[in-house]
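A quick write-up on the structure given underneath.
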Amino acid sequence: ENGKTQLFNSWGVGKLVVLKIIKHYQEEGQGSEVVQGVLLGLVVEDRLEITNCFPFPQHTEDDVDFDEVQYQMEMMRSLRHVNIDHLHVGWYQSTYYGSFVSRALLDSQFSYQHAIEESVVLIYDPIKTAQGSLCLKAYRLTPKLMEICKEKDFSPETLKKACVGYEHMLEEVPIVIKNSHLINVLLLDLQEKSMVADKHELLNLSSSNHLEKSLQLLMDRVDGMSQEIVKYNSYCRNLSKQQQQKQQYLQRRQQENTQRQSRGEPPLPEEDINKMFKPPQAPPRMDTLLIAGIRGVNDRRSTSVKQLFLPAYSAGSNKK
């Protein structure tokens, strides 16, 4: 239903995986730098357990001798020798202000999911996590998008026929972070000892420190969408112009044949109209769909935006 599939009843993520992903970003991720790695685990009855992971090493284009596939195979072989779960179940990636949906991510997830059906991608948001709320989400490509990626046809007609919009590209998989009972007891004890959060935080009218950057990313997305709209409008104009030229040519040809027939001459030879008037190449719509998914302003940023208009709203209410 709704183009989604449910392979398992539950998707578990071990605490070791979460700590390794966080540690990987803290050691190698800087600002907008994206870190990636491989997820390992096993299938237990009707649930998928992600029990371990290892990072992709940072390398530049000058490292021509580095083979990423060979590196993964050696790592999984080494883990198998020490009796650690070594089955490939997906990959993980960090994100910068929630802007993780890209063509590269879709291509990578398609390769994983096409080879291993149960593959998922874990997205870790370090900025939101640094504000006190662990942000770790799992996604999969929907069956509709998998079929389109297999055909490699991202034309407007194909996407329209398949009824694929941004909301039909990825499906979020609910995950459960597994902790031992002793860890849960420790967390509850630390929670009781921690300082009580400021209950009047929402009344603070100062904007979030990350609001400016989030809005800048939002403006970049809007500019990108404007450019895509210009490209598509140009394609529509060129297509309409070509159709007019084609119709004018057919009318002139029909008139010429009528005159030749009245003079008793044979009609003009048949010609392939499609070769003479090749339709312009339609711009791919996948980039437009990716830009349409604006995730830069999340709940925290939207709260900051609302706070900016709170004084004006309160002043207007008092006047009434």
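Going through the structure tokens in order, the chains are called A, B, and so on, while each chain numbers its residues from 1 and the ligands are numbered from 1 in the order shown.
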
Residue neighbourhood region 119-130 of chain A, 9 Å, only C-alpha atoms, exclusion window fewer than 3 positions, as an mmCIF file with all heavy atoms, in the first residue's frame:
data_model
loop_
_atom_site.group_PDB
_atom_site.id
_atom_site.type_symbol
_atom_site.label_atom_id
_atom_site.label_comp_id
_atom_site.auth_asym_id
_atom_site.auth_seq_id
_atom_site.Cartn_x
_atom_site.Cartn_y
_atom_site.Cartn_z
ATOM 1 N N ILE A 21 29.124 5.429 14.997
ATOM 2 C CA ILE A 21 28.779 6.455 14.014
ATOM 3 C C ILE A 21 29.085 7.842 14.555
ATOM 4 O O ILE A 21 29.654 8.693 13.863
ATOM 5 C CB ILE A 21 27.289 6.328 13.629
ATOM 6 C CG1 ILE A 21 27.045 5.015 12.878
ATOM 7 C CG2 ILE A 21 26.856 7.505 12.770
ATOM 8 C CD1 ILE A 21 25.588 4.770 12.548
ATOM 9 N N ILE A 22 28.706 8.087 15.822
ATOM 10 C CA ILE A 22 28.987 9.383 16.445
ATOM 11 C C ILE A 22 30.487 9.618 16.532
ATOM 12 O O ILE A 22 30.995 10.720 16.234
ATOM 13 C CB ILE A 22 28.326 9.458 17.834
ATOM 14 C CG1 ILE A 22 26.794 9.381 17.695
ATOM 15 C CG2 ILE A 22 28.738 10.732 18.556
ATOM 16 C CD1 ILE A 22 26.065 9.337 19.028
ATOM 17 N N TYR A 25 32.063 10.569 13.128
ATOM 18 C CA TYR A 25 31.875 11.965 12.726
ATOM 19 C C TYR A 25 32.751 12.898 13.557
ATOM 20 O O TYR A 25 33.316 13.858 13.028
ATOM 21 C CB TYR A 25 30.408 12.366 12.847
ATOM 22 C CG TYR A 25 30.174 13.807 12.459
ATOM 23 C CD1 TYR A 25 30.032 14.175 11.122
ATOM 24 C CD2 TYR A 25 30.124 14.818 13.428
ATOM 25 C CE1 TYR A 25 29.853 15.498 10.749
ATOM 26 C CE2 TYR A 25 29.942 16.137 13.062
ATOM 27 C CZ TYR A 25 29.803 16.474 11.723
ATOM 28 O OH TYR A 25 29.634 17.787 11.366
ATOM 29 N N GLN A 26 32.844 12.654 14.838
ATOM 30 C CA GLN A 26 33.649 13.522 15.691
ATOM 31 C C GLN A 26 35.121 13.488 15.313
ATOM 32 O O GLN A 26 35.830 14.492 15.467
ATOM 33 C CB GLN A 26 33.465 13.124 17.156
ATOM 34 C CG GLN A 26 32.082 13.432 17.710
ATOM 35 C CD GLN A 26 31.909 12.986 19.141
ATOM 36 O OE1 GLN A 26 32.714 12.198 19.661
ATOM 37 N NE2 GLN A 26 30.854 13.444 19.796
ATOM 38 N N LEU A 39 27.138 -0.872 7.313
ATOM 39 C CA LEU A 39 26.374 -1.470 8.406
ATOM 40 C C LEU A 39 26.405 -2.991 8.279
ATOM 41 O O LEU A 39 26.233 -3.537 7.186
ATOM 42 C CB LEU A 39 24.919 -0.989 8.376
ATOM 43 C CG LEU A 39 24.679 0.511 8.554
ATOM 44 C CD1 LEU A 39 23.203 0.832 8.402
ATOM 45 C CD2 LEU A 39 25.185 0.991 9.911
ATOM 46 N N HIS A 88 26.327 -7.945 5.264
ATOM 47 C CA HIS A 88 26.124 -6.568 4.810
ATOM 48 C C HIS A 88 24.629 -6.246 4.830
ATOM 49 O O HIS A 88 23.851 -6.888 4.131
ATOM 50 C CB HIS A 88 26.665 -6.436 3.384
ATOM 51 C CG HIS A 88 27.209 -5.098 3.077
ATOM 52 N ND1 HIS A 88 28.199 -4.866 2.163
ATOM 53 C CD2 HIS A 88 26.906 -3.874 3.577
ATOM 54 C CE1 HIS A 88 28.468 -3.582 2.095
ATOM 55 N NE2 HIS A 88 27.704 -2.963 2.939
ATOM 56 N N VAL A 89 24.208 -5.237 5.602
ATOM 57 C CA VAL A 89 22.779 -4.894 5.689
ATOM 58 C C VAL A 89 22.516 -3.422 5.370
ATOM 59 O O VAL A 89 21.407 -2.938 5.588
ATOM 60 C CB VAL A 89 22.212 -5.220 7.090
ATOM 61 C CG1 VAL A 89 22.248 -6.716 7.351
ATOM 62 C CG2 VAL A 89 22.959 -4.457 8.176
ATOM 63 N N GLY A 90 23.503 -2.707 4.833
ATOM 64 C CA GLY A 90 23.269 -1.317 4.466
ATOM 65 C C GLY A 90 24.485 -0.444 4.725
ATOM 66 O O GLY A 90 25.608 -0.934 4.826
ATOM 67 N N TRP A 91 24.246 0.843 4.855
ATOM 68 C CA TRP A 91 25.321 1.803 5.055
ATOM 69 C C TRP A 91 24.787 3.002 5.828
ATOM 70 O O TRP A 91 23.576 3.131 6.027
ATOM 71 C CB TRP A 91 25.918 2.240 3.722
ATOM 72 C CG TRP A 91 24.941 2.911 2.802
ATOM 73 C CD1 TRP A 91 23.819 2.363 2.250
ATOM 74 C CD2 TRP A 91 24.985 4.261 2.327
ATOM 75 N NE1 TRP A 91 23.160 3.276 1.465
ATOM 76 C CE2 TRP A 91 23.849 4.443 1.477
ATOM 77 C CE3 TRP A 91 25.858 5.316 2.505
ATOM 78 C CZ2 TRP A 91 23.586 5.649 0.832
ATOM 79 C CZ3 TRP A 91 25.602 6.520 1.860
ATOM 80 C CH2 TRP A 91 24.482 6.665 1.035
ATOM 81 N N TYR A 92 25.686 3.840 6.300
ATOM 82 C CA TYR A 92 25.272 5.037 7.042
ATOM 83 C C TYR A 92 25.972 6.259 6.480
ATOM 84 O O TYR A 92 26.998 6.168 5.802
ATOM 85 C CB TYR A 92 25.550 4.882 8.542
ATOM 86 C CG TYR A 92 27.012 4.884 8.931
ATOM 87 C CD1 TYR A 92 27.712 6.075 9.131
ATOM 88 C CD2 TYR A 92 27.701 3.693 9.133
ATOM 89 C CE1 TYR A 92 29.058 6.081 9.501
ATOM 90 C CE2 TYR A 92 29.041 3.679 9.496
ATOM 91 C CZ TYR A 92 29.708 4.876 9.669
ATOM 92 O OH TYR A 92 31.026 4.880 10.029
ATOM 93 N N GLN A 93 25.385 7.424 6.784
ATOM 94 C CA GLN A 93 25.936 8.696 6.301
ATOM 95 C C GLN A 93 25.513 9.810 7.239
ATOM 96 O O GLN A 93 24.400 9.801 7.766
ATOM 97 C CB GLN A 93 25.437 8.987 4.881
ATOM 98 C CG GLN A 93 25.850 10.350 4.336
ATOM 99 C CD GLN A 93 25.296 10.615 2.955
ATOM 100 O OE1 GLN A 93 25.532 9.855 2.031
ATOM 101 N NE2 GLN A 93 24.538 11.692 2.809
ATOM 102 N N SER A 94 26.385 10.758 7.439
ATOM 103 C CA SER A 94 26.029 11.937 8.224
ATOM 104 C C SER A 94 25.375 12.966 7.312
ATOM 105 O O SER A 94 25.478 12.895 6.087
ATOM 106 C CB SER A 94 27.273 12.533 8.892
ATOM 107 O OG SER A 94 28.180 13.011 7.909
ATOM 108 N N THR A 95 24.701 13.927 7.891
ATOM 109 C CA THR A 95 24.018 14.960 7.117
ATOM 110 C C THR A 95 24.356 16.323 7.681
ATOM 111 O O THR A 95 24.777 16.448 8.847
ATOM 112 C CB THR A 95 22.491 14.750 7.127
ATOM 113 O OG1 THR A 95 21.871 15.777 6.352
ATOM 114 C CG2 THR A 95 21.946 14.806 8.546
ATOM 115 N N TYR A 96 24.180 17.341 6.868
ATOM 116 C CA TYR A 96 24.484 18.719 7.265
ATOM 117 C C TYR A 96 23.196 19.520 7.211
ATOM 118 O O TYR A 96 22.672 19.794 6.140
ATOM 119 C CB TYR A 96 25.535 19.312 6.318
ATOM 120 C CG TYR A 96 25.995 20.702 6.679
ATOM 121 C CD1 TYR A 96 26.658 20.937 7.880
ATOM 122 C CD2 TYR A 96 25.802 21.767 5.820
ATOM 123 C CE1 TYR A 96 27.099 22.205 8.212
ATOM 124 C CE2 TYR A 96 26.242 23.035 6.144
ATOM 125 C CZ TYR A 96 26.886 23.248 7.344
ATOM 126 O OH TYR A 96 27.316 24.506 7.671
ATOM 127 N N TYR A 97 22.660 19.838 8.361
ATOM 128 C CA TYR A 97 21.395 20.569 8.487
ATOM 129 C C TYR A 97 20.256 19.857 7.749
ATOM 130 O O TYR A 97 19.388 20.496 7.158
ATOM 131 C CB TYR A 97 21.544 22.003 7.975
ATOM 132 C CG TYR A 97 22.288 22.907 8.922
ATOM 133 C CD1 TYR A 97 23.652 23.091 8.795
ATOM 134 C CD2 TYR A 97 21.630 23.569 9.955
ATOM 135 C CE1 TYR A 97 24.347 23.912 9.665
ATOM 136 C CE2 TYR A 97 22.316 24.396 10.825
ATOM 137 C CZ TYR A 97 23.672 24.563 10.683
ATOM 138 O OH TYR A 97 24.360 25.377 11.553
ATOM 139 N N GLY A 98 20.272 18.552 7.790
ATOM 140 C CA GLY A 98 19.166 17.786 7.234
ATOM 141 C C GLY A 98 19.129 17.688 5.728
ATOM 142 O O GLY A 98 18.185 17.111 5.175
ATOM 143 N N PHE A 100 20.318 15.815 3.168
ATOM 144 C CA PHE A 100 21.023 14.591 2.796
ATOM 145 C C PHE A 100 20.496 13.968 1.512
ATOM 146 O O PHE A 100 21.167 13.138 0.900
ATOM 147 C CB PHE A 100 20.924 13.550 3.923
ATOM 148 C CG PHE A 100 19.528 13.078 4.210
ATOM 149 C CD1 PHE A 100 18.994 11.989 3.544
ATOM 150 C CD2 PHE A 100 18.737 13.730 5.144
ATOM 151 C CE1 PHE A 100 17.713 11.557 3.806
ATOM 152 C CE2 PHE A 100 17.457 13.308 5.421
ATOM 153 C CZ PHE A 100 16.940 12.212 4.741
ATOM 154 N N GLN A 109 22.025 3.997 -2.574
ATOM 155 C CA GLN A 109 21.014 3.160 -1.937
ATOM 156 C C GLN A 109 20.390 2.191 -2.936
ATOM 157 O O GLN A 109 20.055 1.057 -2.580
ATOM 158 C CB GLN A 109 19.941 4.039 -1.286
ATOM 159 C CG GLN A 109 18.828 3.264 -0.586
ATOM 160 C CD GLN A 109 19.341 2.347 0.506
ATOM 161 O OE1 GLN A 109 20.433 2.540 1.034
ATOM 162 N NE2 GLN A 109 18.547 1.336 0.856
ATOM 163 N N TYR A 112 22.801 -0.714 -3.247
ATOM 164 C CA TYR A 112 22.715 -1.586 -2.074
ATOM 165 C C TYR A 112 21.421 -2.382 -2.082
ATOM 166 O O TYR A 112 21.405 -3.606 -1.884
ATOM 167 C CB TYR A 112 22.799 -0.750 -0.793
ATOM 168 C CG TYR A 112 24.199 -0.419 -0.343
ATOM 169 C CD1 TYR A 112 24.813 0.754 -0.738
ATOM 170 C CD2 TYR A 112 24.904 -1.276 0.485
ATOM 171 C CE1 TYR A 112 26.098 1.073 -0.330
ATOM 172 C CE2 TYR A 112 26.189 -0.975 0.904
ATOM 173 C CZ TYR A 112 26.785 0.201 0.497
ATOM 174 O OH TYR A 112 28.057 0.505 0.898
ATOM 175 N N GLN A 113 20.306 -1.693 -2.287
ATOM 176 C CA GLN A 113 18.993 -2.326 -2.172
ATOM 177 C C GLN A 113 18.734 -3.303 -3.316
ATOM 178 O O GLN A 113 18.011 -4.279 -3.146
ATOM 179 C CB GLN A 113 17.899 -1.252 -2.142
ATOM 180 C CG GLN A 113 16.605 -1.678 -1.487
ATOM 181 C CD GLN A 113 15.724 -0.489 -1.151
ATOM 182 O OE1 GLN A 113 16.214 0.547 -0.720
ATOM 183 N NE2 GLN A 113 14.432 -0.626 -1.365
ATOM 184 N N HIS A 114 19.327 -3.027 -4.477
ATOM 185 C CA HIS A 114 19.168 -3.941 -5.606
ATOM 186 C C HIS A 114 19.936 -5.242 -5.365
ATOM 187 O O HIS A 114 19.471 -6.328 -5.736
ATOM 188 C CB HIS A 114 19.655 -3.269 -6.887
ATOM 189 C CG HIS A 114 19.490 -4.108 -8.111
ATOM 190 N ND1 HIS A 114 18.255 -4.462 -8.613
ATOM 191 C CD2 HIS A 114 20.416 -4.694 -8.939
ATOM 192 C CE1 HIS A 114 18.412 -5.212 -9.697
ATOM 193 N NE2 HIS A 114 19.712 -5.368 -9.908
ATOM 194 N N ALA A 115 21.110 -5.121 -4.731
ATOM 195 C CA ALA A 115 21.917 -6.316 -4.447
ATOM 196 C C ALA A 115 21.455 -7.030 -3.181
ATOM 197 O O ALA A 115 21.437 -8.263 -3.138
ATOM 198 C CB ALA A 115 23.390 -5.916 -4.323
ATOM 199 N N ILE A 116 21.084 -6.260 -2.144
ATOM 200 C CA ILE A 116 20.647 -6.830 -0.858
ATOM 201 C C ILE A 116 19.313 -6.189 -0.517
ATOM 202 O O ILE A 116 19.247 -5.015 -0.175
ATOM 203 C CB ILE A 116 21.682 -6.551 0.258
ATOM 204 C CG1 ILE A 116 23.079 -7.010 -0.189
ATOM 205 C CG2 ILE A 116 21.277 -7.249 1.540
ATOM 206 C CD1 ILE A 116 24.182 -6.603 0.761
ATOM 207 N N SER A 133 19.324 16.027 21.381
ATOM 208 C CA SER A 133 18.347 15.042 20.925
ATOM 209 C C SER A 133 18.981 14.190 19.835
ATOM 210 O O SER A 133 19.291 14.693 18.750
ATOM 211 C CB SER A 133 17.085 15.741 20.379
ATOM 212 O OG SER A 133 16.178 14.800 19.847
ATOM 213 N N LEU A 134 19.216 12.913 20.131
ATOM 214 C CA LEU A 134 19.834 12.015 19.162
ATOM 215 C C LEU A 134 18.957 11.917 17.920
ATOM 216 O O LEU A 134 17.780 11.568 17.996
ATOM 217 C CB LEU A 134 20.033 10.628 19.770
ATOM 218 C CG LEU A 134 20.568 9.564 18.813
ATOM 219 C CD1 LEU A 134 21.957 9.942 18.320
ATOM 220 C CD2 LEU A 134 20.586 8.190 19.482
ATOM 221 N N CYS A 135 19.539 12.240 16.774
ATOM 222 C CA CYS A 135 18.814 12.203 15.502
ATOM 223 C C CYS A 135 19.449 11.149 14.612
ATOM 224 O O CYS A 135 20.499 11.367 14.010
ATOM 225 C CB CYS A 135 18.834 13.571 14.834
ATOM 226 S SG CYS A 135 17.818 13.665 13.349
ATOM 227 N N LEU A 136 18.820 9.997 14.547
ATOM 228 C CA LEU A 136 19.295 8.870 13.740
ATOM 229 C C LEU A 136 18.081 8.221 13.098
ATOM 230 O O LEU A 136 17.229 7.678 13.799
ATOM 231 C CB LEU A 136 20.058 7.866 14.611
ATOM 232 C CG LEU A 136 20.765 6.738 13.873
ATOM 233 C CD1 LEU A 136 21.919 7.275 13.043
ATOM 234 C CD2 LEU A 136 21.274 5.688 14.858
ATOM 235 N N LYS A 137 18.003 8.292 11.778
ATOM 236 C CA LYS A 137 16.840 7.772 11.063
ATOM 237 C C LYS A 137 17.278 6.822 9.963
ATOM 238 O O LYS A 137 18.383 6.952 9.415
ATOM 239 C CB LYS A 137 16.004 8.914 10.470
ATOM 240 C CG LYS A 137 15.411 9.847 11.520
ATOM 241 C CD LYS A 137 14.539 10.915 10.881
ATOM 242 C CE LYS A 137 13.931 11.832 11.941
ATOM 243 N NZ LYS A 137 13.064 12.875 11.341
ATOM 244 N N ALA A 138 16.413 5.876 9.645
ATOM 245 C CA ALA A 138 16.694 4.871 8.615
ATOM 246 C C ALA A 138 15.725 5.054 7.456
ATOM 247 O O ALA A 138 14.531 5.299 7.669
ATOM 248 C CB ALA A 138 16.577 3.461 9.189
ATOM 249 N N TYR A 139 16.244 4.918 6.239
ATOM 250 C CA TYR A 139 15.422 5.107 5.041
ATOM 251 C C TYR A 139 15.694 3.986 4.042
ATOM 252 O O TYR A 139 16.773 3.382 4.026
ATOM 253 C CB TYR A 139 15.717 6.463 4.380
ATOM 254 C CG TYR A 139 15.327 7.652 5.202
ATOM 255 C CD1 TYR A 139 16.248 8.278 6.039
ATOM 256 C CD2 TYR A 139 14.036 8.167 5.160
ATOM 257 C CE1 TYR A 139 15.901 9.382 6.797
ATOM 258 C CE2 TYR A 139 13.678 9.278 5.911
ATOM 259 C CZ TYR A 139 14.616 9.873 6.720
ATOM 260 O OH TYR A 139 14.269 10.971 7.475
ATOM 261 N N ARG A 140 14.681 3.760 3.192
ATOM 262 C CA ARG A 140 14.783 2.838 2.070
ATOM 263 C C ARG A 140 14.107 3.472 0.852
ATOM 264 O O ARG A 140 13.223 4.321 1.006
ATOM 265 C CB ARG A 140 14.079 1.498 2.387
ATOM 266 C CG ARG A 140 14.829 0.618 3.359
ATOM 267 C CD ARG A 140 13.982 -0.574 3.799
ATOM 268 N NE ARG A 140 13.344 -1.250 2.684
ATOM 269 C CZ ARG A 140 13.941 -2.177 1.927
ATOM 270 N NH1 ARG A 140 15.191 -2.521 2.199
ATOM 271 N NH2 ARG A 140 13.302 -2.763 0.937
ATOM 272 N N LEU A 141 14.523 3.053 -0.336
ATOM 273 C CA LEU A 141 13.846 3.500 -1.542
ATOM 274 C C LEU A 141 12.518 2.753 -1.677
ATOM 275 O O LEU A 141 12.431 1.566 -1.396
ATOM 276 C CB LEU A 141 14.708 3.237 -2.777
ATOM 277 C CG LEU A 141 16.066 3.937 -2.846
ATOM 278 C CD1 LEU A 141 16.714 3.668 -4.202
ATOM 279 C CD2 LEU A 141 15.947 5.419 -2.610
ATOM 280 N N VAL A 173 12.054 3.988 7.863
ATOM 281 C CA VAL A 173 11.899 2.714 8.559
ATOM 282 C C VAL A 173 12.014 2.966 10.057
ATOM 283 O O VAL A 173 13.012 3.548 10.510
ATOM 284 C CB VAL A 173 12.977 1.712 8.106
ATOM 285 C CG1 VAL A 173 12.851 0.409 8.877
ATOM 286 C CG2 VAL A 173 12.860 1.450 6.613
ATOM 287 N N HIS A 210 21.456 28.422 14.755
ATOM 288 C CA HIS A 210 21.509 27.736 13.468
ATOM 289 C C HIS A 210 20.427 28.217 12.499
ATOM 290 O O HIS A 210 20.342 27.697 11.388
ATOM 291 C CB HIS A 210 21.362 26.226 13.678
ATOM 292 C CG HIS A 210 22.360 25.646 14.637
ATOM 293 N ND1 HIS A 210 23.703 25.558 14.331
ATOM 294 C CD2 HIS A 210 22.220 25.143 15.889
ATOM 295 C CE1 HIS A 210 24.334 25.013 15.358
ATOM 296 N NE2 HIS A 210 23.466 24.752 16.302
ATOM 297 N N ARG A 300 13.108 22.460 15.080
ATOM 298 C CA ARG A 300 13.755 23.464 15.924
ATOM 299 C C ARG A 300 13.851 24.804 15.201
ATOM 300 O O ARG A 300 13.642 25.854 15.780
ATOM 301 C CB ARG A 300 15.152 22.978 16.324
ATOM 302 C CG ARG A 300 15.123 21.835 17.333
ATOM 303 C CD ARG A 300 16.526 21.384 17.669
ATOM 304 N NE ARG A 300 16.504 20.319 18.649
ATOM 305 C CZ ARG A 300 16.538 20.493 19.947
ATOM 306 N NH1 ARG A 300 16.577 21.716 20.422
ATOM 307 N NH2 ARG A 300 16.519 19.477 20.784
#

Exercise for review: For Ser155 (chain A), please output as a list in words all residues within 8 Å (counting only C-alpha atoms; exclusion window: fewer than 2 positions along the same chain).
Suggested key: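 Skipping anything fewer than 2 positions along the chain leaves Asp153, Glu157, Thr158, Leu159, Ala282, Pro283, Pro284 and Arg285 of chain A.
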
For the residues in the current selection, export all heavy atoms as a PDB file, in the first residue's frame.
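Below is the file result-v5.pdb, written as the result:
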ATOM      1  N   ASP A 153      15.025   5.774 -16.436  1.00  0.00           N
ATOM      2  CA  ASP A 153      14.247   6.731 -17.224  1.00  0.00           C
ATOM      3  C   ASP A 153      13.598   7.717 -16.262  1.00  0.00           C
ATOM      4  O   ASP A 153      12.641   7.385 -15.558  1.00  0.00           O
ATOM      5  CB  ASP A 153      13.180   5.992 -18.042  1.00  0.00           C
ATOM      6  CG  ASP A 153      12.408   6.941 -18.953  1.00  0.00           C
ATOM      7  OD1 ASP A 153      12.778   8.132 -19.016  1.00  0.00           O
ATOM      8  OD2 ASP A 153      11.437   6.500 -19.600  1.00  0.00           O
ATOM      9  N   GLU A 157       7.360  12.274 -18.344  1.00  0.00           N
ATOM     10  CA  GLU A 157       6.259  11.365 -18.643  1.00  0.00           C
ATOM     11  C   GLU A 157       6.311  10.118 -17.771  1.00  0.00           C
ATOM     12  O   GLU A 157       5.292   9.653 -17.266  1.00  0.00           O
ATOM     13  CB  GLU A 157       6.279  10.966 -20.123  1.00  0.00           C
ATOM     14  CG  GLU A 157       5.978  12.102 -21.093  1.00  0.00           C
ATOM     15  CD  GLU A 157       7.161  13.029 -21.272  1.00  0.00           C
ATOM     16  OE1 GLU A 157       8.277  12.646 -20.841  1.00  0.00           O
ATOM     17  OE2 GLU A 157       6.981  14.131 -21.836  1.00  0.00           O
ATOM     18  N   THR A 158       7.530   9.574 -17.580  1.00  0.00           N
ATOM     19  CA  THR A 158       7.674   8.366 -16.766  1.00  0.00           C
ATOM     20  C   THR A 158       7.310   8.628 -15.314  1.00  0.00           C
ATOM     21  O   THR A 158       6.592   7.839 -14.681  1.00  0.00           O
ATOM     22  CB  THR A 158       9.110   7.838 -16.859  1.00  0.00           C
ATOM     23  OG1 THR A 158       9.442   7.584 -18.228  1.00  0.00           O
ATOM     24  CG2 THR A 158       9.265   6.556 -16.062  1.00  0.00           C
ATOM     25  N   LEU A 159       7.802   9.733 -14.747  1.00  0.00           N
ATOM     26  CA  LEU A 159       7.509  10.047 -13.354  1.00  0.00           C
ATOM     27  C   LEU A 159       6.022  10.342 -13.156  1.00  0.00           C
ATOM     28  O   LEU A 159       5.437   9.972 -12.136  1.00  0.00           O
ATOM     29  CB  LEU A 159       8.349  11.243 -12.908  1.00  0.00           C
ATOM     30  CG  LEU A 159       9.870  11.021 -12.892  1.00  0.00           C
ATOM     31  CD1 LEU A 159      10.597  12.300 -12.512  1.00  0.00           C
ATOM     32  CD2 LEU A 159      10.239   9.900 -11.931  1.00  0.00           C
ATOM     33  N   ALA A 282      14.144  16.267 -23.297  1.00  0.00           N
ATOM     34  CA  ALA A 282      13.483  16.771 -22.083  1.00  0.00           C
ATOM     35  C   ALA A 282      14.458  16.759 -20.915  1.00  0.00           C
ATOM     36  O   ALA A 282      15.208  15.790 -20.749  1.00  0.00           O
ATOM     37  CB  ALA A 282      12.261  15.920 -21.753  1.00  0.00           C
ATOM     38  N   PRO A 283      14.494  17.803 -20.113  1.00  0.00           N
ATOM     39  CA  PRO A 283      15.401  17.811 -18.951  1.00  0.00           C
ATOM     40  C   PRO A 283      14.956  16.768 -17.938  1.00  0.00           C
ATOM     41  O   PRO A 283      13.760  16.567 -17.716  1.00  0.00           O
ATOM     42  CB  PRO A 283      15.248  19.232 -18.400  1.00  0.00           C
ATOM     43  CG  PRO A 283      13.901  19.683 -18.858  1.00  0.00           C
ATOM     44  CD  PRO A 283      13.674  19.025 -20.191  1.00  0.00           C
ATOM     45  N   PRO A 284      15.893  16.055 -17.323  1.00  0.00           N
ATOM     46  CA  PRO A 284      15.521  15.060 -16.312  1.00  0.00           C
ATOM     47  C   PRO A 284      14.854  15.718 -15.113  1.00  0.00           C
ATOM     48  O   PRO A 284      15.295  16.775 -14.646  1.00  0.00           O
ATOM     49  CB  PRO A 284      16.860  14.418 -15.930  1.00  0.00           C
ATOM     50  CG  PRO A 284      17.892  15.438 -16.304  1.00  0.00           C
ATOM     51  CD  PRO A 284      17.349  16.160 -17.490  1.00  0.00           C
ATOM     52  N   ARG A 285      13.808  15.086 -14.626  1.00  0.00           N
ATOM     53  CA  ARG A 285      13.025  15.684 -13.535  1.00  0.00           C
ATOM     54  C   ARG A 285      13.461  15.196 -12.153  1.00  0.00           C
ATOM     55  O   ARG A 285      12.920  15.634 -11.145  1.00  0.00           O
ATOM     56  CB  ARG A 285      11.542  15.362 -13.732  1.00  0.00           C
ATOM     57  CG  ARG A 285      10.973  15.851 -15.036  1.00  0.00           C
ATOM     58  CD  ARG A 285      10.987  17.357 -15.124  1.00  0.00           C
ATOM     59  NE  ARG A 285       9.972  17.956 -14.267  1.00  0.00           N
ATOM     60  CZ  ARG A 285       9.873  19.250 -14.014  1.00  0.00           C
ATOM     61  NH1 ARG A 285      10.755  20.076 -14.520  1.00  0.00           N
ATOM     62  NH2 ARG A 285       8.909  19.709 -13.252  1.00  0.00           N
TER      63      ARG A 285
END

Exercise for review: Using DSSP on the backbone coordinates, identify the residues of region 38-211 of chain A assigned to alpha helix (DSSP H); present them as a VMD selection string.
Suggested key: chain A and resid 68 to 81 103 to 115 126 to 130 143 to 151 156 to 161 181 to 193 211

Point to revise | Coordinates-based distance that separates CA of Lys178 (chain A) from CA of Lys15 (chain A) (Å, one decimal) | key: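 Result for CA of Lys15 (chain A) versus CA of Lys178 (chain A): 6.0 Å, one decimal.
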
**Study point:** Residues of region 84-191 of chain A in strand (DSSP E or B), written as a list of chain:residue names
**Key:** A:Leu87, A:His88, A:Val89, A:Gly90, A:Trp91, A:Tyr92, A:Gln93, A:Ser94, A:Val120, A:Val121, A:Leu122, A:Ile123, A:Tyr124, A:Leu136, A:Lys137, A:Ala138, A:Tyr139, A:Arg140, A:Leu141, A:Leu170, A:Glu171, A:Glu172, A:Val173, A:Ile175, A:Val176, A:Ile177, A:Lys178

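For the pair CA of Val13 (chain A) and CA of Ala104 (chain A), the separation is 24.3 Å.
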
**Study point:** Exercise: region 224-231 of chain A partners within 12 Å, only C-alpha atoms, chain neighbours under 4 positions left out, as number ranges by chain
**Key:** A: 217-220, 235-238, 281-294

Review point. Skipping near chain neighbours, those fewer than 5 positions away, what residues fall within 8 Å of Ile50 (chain A) using only C-alpha atoms, listed as number ranges by chain?
Key: A: 11-14, 17, 39-42, 89

**Study point:** CA of Asn274 (chain A) to CA of Leu239 (chain A), distance in Å rounded to a single decimal
**Key:**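 If I compute the distance from CA of Asn274 (chain A) to CA of Leu239 (chain A), I get 13.1 Å.
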
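Among the candidates A:Cys149, A:Val34, A:Leu268, A:Leu211, the residue lying nearest to Arg103 (chain A) is A:Cys149 (atoms considered: only C-alpha atoms).
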